[in-house]
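**Student:** My questions will all concern the structure given below.
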Amino acid sequence: MADTNQQPTRRNFLGSTAQLGAGAAMLGSLALPRSVHAAGTDVLKVGLVGCGGRGTGAALDALSADGQAVLVAVADTFPDKAAEALNLLRGEKSVADRVQVTPEHIFTGFDGYKNVVDSCDVVLLATPPHFRPEHFAYVVDQGKHCFIEKPIAVDAPGIKSVMESSRKAKEKNIAVVSGLCWRYDHKVREMMRQILEEKQIGDIIAIESSYNTGLLWYRPEKPSWSQMELQIRNWLYHTWLSGDHIMEQAIHSLDKTAWLLGDISPTQATSLAGRQQRVDPMYGNVYDHFAVSYEYPTGQRVYFTCRQQDGCSMRTDETVLGTDGQAEILRGDIFARDGKRKWRFKGEQPSMYRVEHEEMFASIRKGEPINNGDYMCNSTAIALMGRMAGYTGQTVTWDQLMNSTERLGPTEYAWGDVPTETVAIPGKTTLV
Ligand SMILES: NC(=O)c1ccc[n+]([C@@H]2O[C@H](COP(=O)([O-])OP(=O)(O)OC[C@H]3O[C@@H](n4cnc5c(N)ncnc54)[C@H](O)[C@@H]3O)[C@@H](O)[C@H]2O)c1
């Protein structure tokens with residue numbers, strides 16, 4: 001595991017990898033190791049870790065984004081998931097000839113990821129987030145480029161590990177492209193430009209943000225499954241695996257608010273949260289709603305809600321309130337203070353999932369690999385702050401968050417029983 005001894009404060013958090021980049025630049029370009037795959041036409045061997053819905057989609061995006069990308073290895077805890085993903089990919093005419101995974105390169109179990117990393121140049125990490133810090137540390141140690149799904153961890157030790165790995169990735173000049181996909185969406189990028197550069201709404205005062213959806217999938221238990229298998233198959237509902245839905249899903253919204261506020265970190269967060277519809281033990285220990293108020297050192301505020309409940313309103317968007325007007329990010333609308341529309345997005349909107357892979361491969365081939373390490377760690381920490389404030393009922397400061405030693409989940413993975421989990425009770429659950 002990466003060294004996690006350094007205790008980042010709110011102020012040095014974002015500067016950490018950037019400072020390192022500046023230092024390396026001062027040594028001159030010769031000091032930066034060239035990317036192994038800077039040449040334009042080399043075959044890039046791709047490996048997939050986590051063969052579920054997103055992993056399969058990411059593999060398709062990778063192969064579609066770069067005509068010289070070839071899928072050579074896959075890993076999943078379960079053989080049926082690896083087989084399912086390969087069947088789907090082999091059925092995609094446009095990429096089928098570049099799905100070149102031999103039976104010896106299909107890996108299963110908890111350690112299969114190492115074999116995938118060892119076999120390829122570009123790794124796609126798409127397991128449940130709990131495993132990300134360990135997997136990412138290995139990817140970076142082996143010097144491989146990485147597409148890393150969100151969130152990047154479920155607890156503070158995990159975030160610090162990923163920060164350290166991202167820093168090392170910068171040193172090694174390898175790509176780290178985050179699955180926080182709205183950063184690659186043309187409409188959202190243009191909205192950010194209109195707000196942050198063109199100052200269409202003046203200065204930002206506050207943001208109201210919500211990610212409200214219905215209930216999600218559940219994979220019914222089979223008699224042959226151990227408790228560990230049941231939890232990993234239904235990872236969404238176990239905080240140690242998913243980080244809860246504020247981290248797993250609603251991070252997309254918090255990431256947009258972080259971007260709007262310059263990717264700085266909040267000073268503190270207060271939350272009201274719980275579970276009302278998902279009370280059955282089959283839903284593990286996650287909540288189904290959070291409302292969080294984030295305070296920023298600039299005086300700006302983010303008022304945030306997320307909900308996974310059926311039969312309720314499903315709004316998902318950010319309303320940005322400025323001194324001269326307001327913007328609706330996903331709607332692509334900007335209004336003056338009198339309510340009249342000032343500007344509306346009318347451009348092309350290609351798939352953001354495809355764009356992130358196109359930009360990743362182009363950056364690798366150019367020898368100037370993208371590194372999204374800073375913001376993916378900051379946004380994950382912001383989501384974790386909201387969860388900690390919700391679970392404990394306390395106002396949680398950035399320093400408390402970053403000094404948290406709580407590491408979720410077992411320290412060793414094996415098929416069998418799992419430690420008993422409890423549902424947090426605000427006012428009783430303590431900050432660790
Ligand atoms: N960027 C996005 O818009 C987006 C959308 C969906 C999911 N995601 C993220 O992608 C990740 C995967 O989500 P999903 O919807 O594909 O879930 P999924 O359940 O469909 O797939 C996860 C896969 O990982 C496998 N797995 C679990 N533990 C593993 C381990 N230790 N080693 C190898 N394989 C392991 C599972 O068996 C499963 O096949 C999550 O982090 C999720 O938040 C991102």
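Letters A, B, ... mark the chains of the structure tokens in the order given; residue numbers begin at 1 per chain; ligand numbers begin at 1, in order shown.
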Tell me, as a ChimeraX atom specification, which residues lie within 12 Å of range 79-94 of chain A, counting only C-alpha atoms; anything in the same chain fewer than 2 positions away does not count.
**Tutor:** /A:47-67,70-77,96-103,105-110,112,127,233
**Student:** Can you list, as a list in words, every protein, DNA or RNA residue that comes within 8 Å of Glu149 in chain A when you count only C-alpha atoms, leaving out same-chain residues fewer than 3 positions away?
**Tutor:**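 That gives Leu124, Leu125, Ala126, Pro129, Ile152, Ser178, Gly179 and Leu180 of chain A.
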**Student:** Any chance you could export the current selection's N, CA and C atoms as a PDB file, in the first residue's frame?
**Tutor:**
```
ATOM      1  N   LEU A 124      -8.291  -0.321 -16.782  1.00  0.00           N
ATOM      2  CA  LEU A 124      -9.578   0.304 -16.470  1.00  0.00           C
ATOM      3  C   LEU A 124     -10.034  -0.258 -15.132  1.00  0.00           C
ATOM      4  N   LEU A 125     -10.145   0.598 -14.107  1.00  0.00           N
ATOM      5  CA  LEU A 125     -10.545   0.135 -12.765  1.00  0.00           C
ATOM      6  C   LEU A 125     -12.021   0.433 -12.548  1.00  0.00           C
ATOM      7  N   ALA A 126     -12.848  -0.613 -12.458  1.00  0.00           N
ATOM      8  CA  ALA A 126     -14.299  -0.404 -12.355  1.00  0.00           C
ATOM      9  C   ALA A 126     -14.960  -1.397 -11.392  1.00  0.00           C
ATOM     10  N   PRO A 129     -16.002   0.715  -5.238  1.00  0.00           N
ATOM     11  CA  PRO A 129     -14.930   1.653  -4.858  1.00  0.00           C
ATOM     12  C   PRO A 129     -14.029   1.204  -3.700  1.00  0.00           C
ATOM     13  N   ILE A 152     -13.053   7.296  -5.645  1.00  0.00           N
ATOM     14  CA  ILE A 152     -11.755   6.629  -5.639  1.00  0.00           C
ATOM     15  C   ILE A 152     -11.462   5.926  -4.313  1.00  0.00           C
ATOM     16  N   SER A 178     -10.055  10.222 -14.543  1.00  0.00           N
ATOM     17  CA  SER A 178     -11.119   9.918 -13.586  1.00  0.00           C
ATOM     18  C   SER A 178     -12.457   9.669 -14.282  1.00  0.00           C
ATOM     19  N   GLY A 179     -13.250   8.787 -13.687  1.00  0.00           N
ATOM     20  CA  GLY A 179     -14.610   8.533 -14.178  1.00  0.00           C
ATOM     21  C   GLY A 179     -15.616   9.591 -13.762  1.00  0.00           C
ATOM     22  N   LEU A 180     -15.141  10.703 -13.187  1.00  0.00           N
ATOM     23  CA  LEU A 180     -16.056  11.832 -12.926  1.00  0.00           C
ATOM     24  C   LEU A 180     -16.325  12.474 -14.289  1.00  0.00           C
TER      25      LEU A 180
END
```
**Student:** What's the 9 Å shell around range 267-276 of chain A, counting only C-alpha atoms, without same-chain residues fewer than 4 positions away, as a PyMOL selection string?
**Tutor:** chain A and resi 10+286-297+309+382+385-399+424-426
**Student:** For a quick check of understanding, using only C-alpha atoms, which of A:Gly284, A:Pro350, A:Gly427, A:Gly311 has the smallest distance to Tyr184 in chain A?
**Tutor:**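 When distances to Tyr184 in chain A are compared using only C-alpha atoms, the smallest one comes from A:Pro350.
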**Student:** Name all residues at most 6 Å from range 169-177 of chain A (count only C-alpha atoms; drop same-chain ones fewer than 2 positions away) and give them as a list in words.
**Tutor:** Ser35, Val140, His145, Cys146, Phe147, Ser166, Arg167, Pro369, Ile370, Asn371 and Asn372 of chain A
**Student:** Keeping C-alpha atoms, export the residues of the selection given above as a PDB file, in the first residue's frame.
**Tutor:**
```
ATOM      1  CA  SER A  35       5.513   8.064 -21.526  1.00  0.00           C
ATOM      2  CA  VAL A 140       0.928   3.030 -10.455  1.00  0.00           C
ATOM      3  CA  HIS A 145      -1.809   4.192 -17.405  1.00  0.00           C
ATOM      4  CA  CYS A 146      -5.161   4.169 -15.638  1.00  0.00           C
ATOM      5  CA  PHE A 147      -8.806   5.003 -16.113  1.00  0.00           C
ATOM      6  CA  SER A 166      -1.666  10.087  -7.983  1.00  0.00           C
ATOM      7  CA  ARG A 167       1.445  11.980  -6.931  1.00  0.00           C
ATOM      8  CA  PRO A 369      -0.698  12.109 -20.016  1.00  0.00           C
ATOM      9  CA  ILE A 370      -3.662  13.639 -18.230  1.00  0.00           C
ATOM     10  CA  ASN A 371      -3.636  13.442 -14.427  1.00  0.00           C
ATOM     11  CA  ASN A 372      -7.021  14.083 -12.761  1.00  0.00           C
TER      12      ASN A 372
END
```
**Student:** For Ser209 in chain A, work out the shell of residues within 12 Å, counting only C-alpha atoms and skipping chain neighbours fewer than 6 positions away, then give it as an MDAnalysis selection string.
**Tutor:** chainID A and resid 250:258 260 290:294 301:307 315:321 327:330
**Student:** For ligand 1, which residue out of A:Ala206, A:Ile159, A:Ile232, A:Val154 is the nearest one, using only C-alpha atoms and all ligand atoms?
**Tutor:**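 That would be A:Ile232, the residue with the smallest distance to ligand 1.
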**Student:** Which polymer residues have any atom within 9 Å of an atom of Asp141 in chain A, counting only C-alpha atoms, with same-chain residues fewer than 3 positions away left out, as JSON, numbers by chain?
**Tutor:** {"A": [136, 137, 138, 144, 165, 168, 169]}
**Student:** Return as a ChimeraX atom specification the full set of residues in range 48-159 of chain A whose backbone-based DSSP assignment is helix (DSSP H, G or I).
**Tutor:** /A:53-65,79-90,96-98,103-105,112-119,129-141,156-159
**Student:** Considering only C-alpha atoms, can you say which of A:Trp182, A:Trp415, A:Tyr218, A:Tyr353 comes closest to Met376 in chain A?
**Tutor:**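 Looking at the shortest contact to Met376 in chain A, the residue is A:Trp182.
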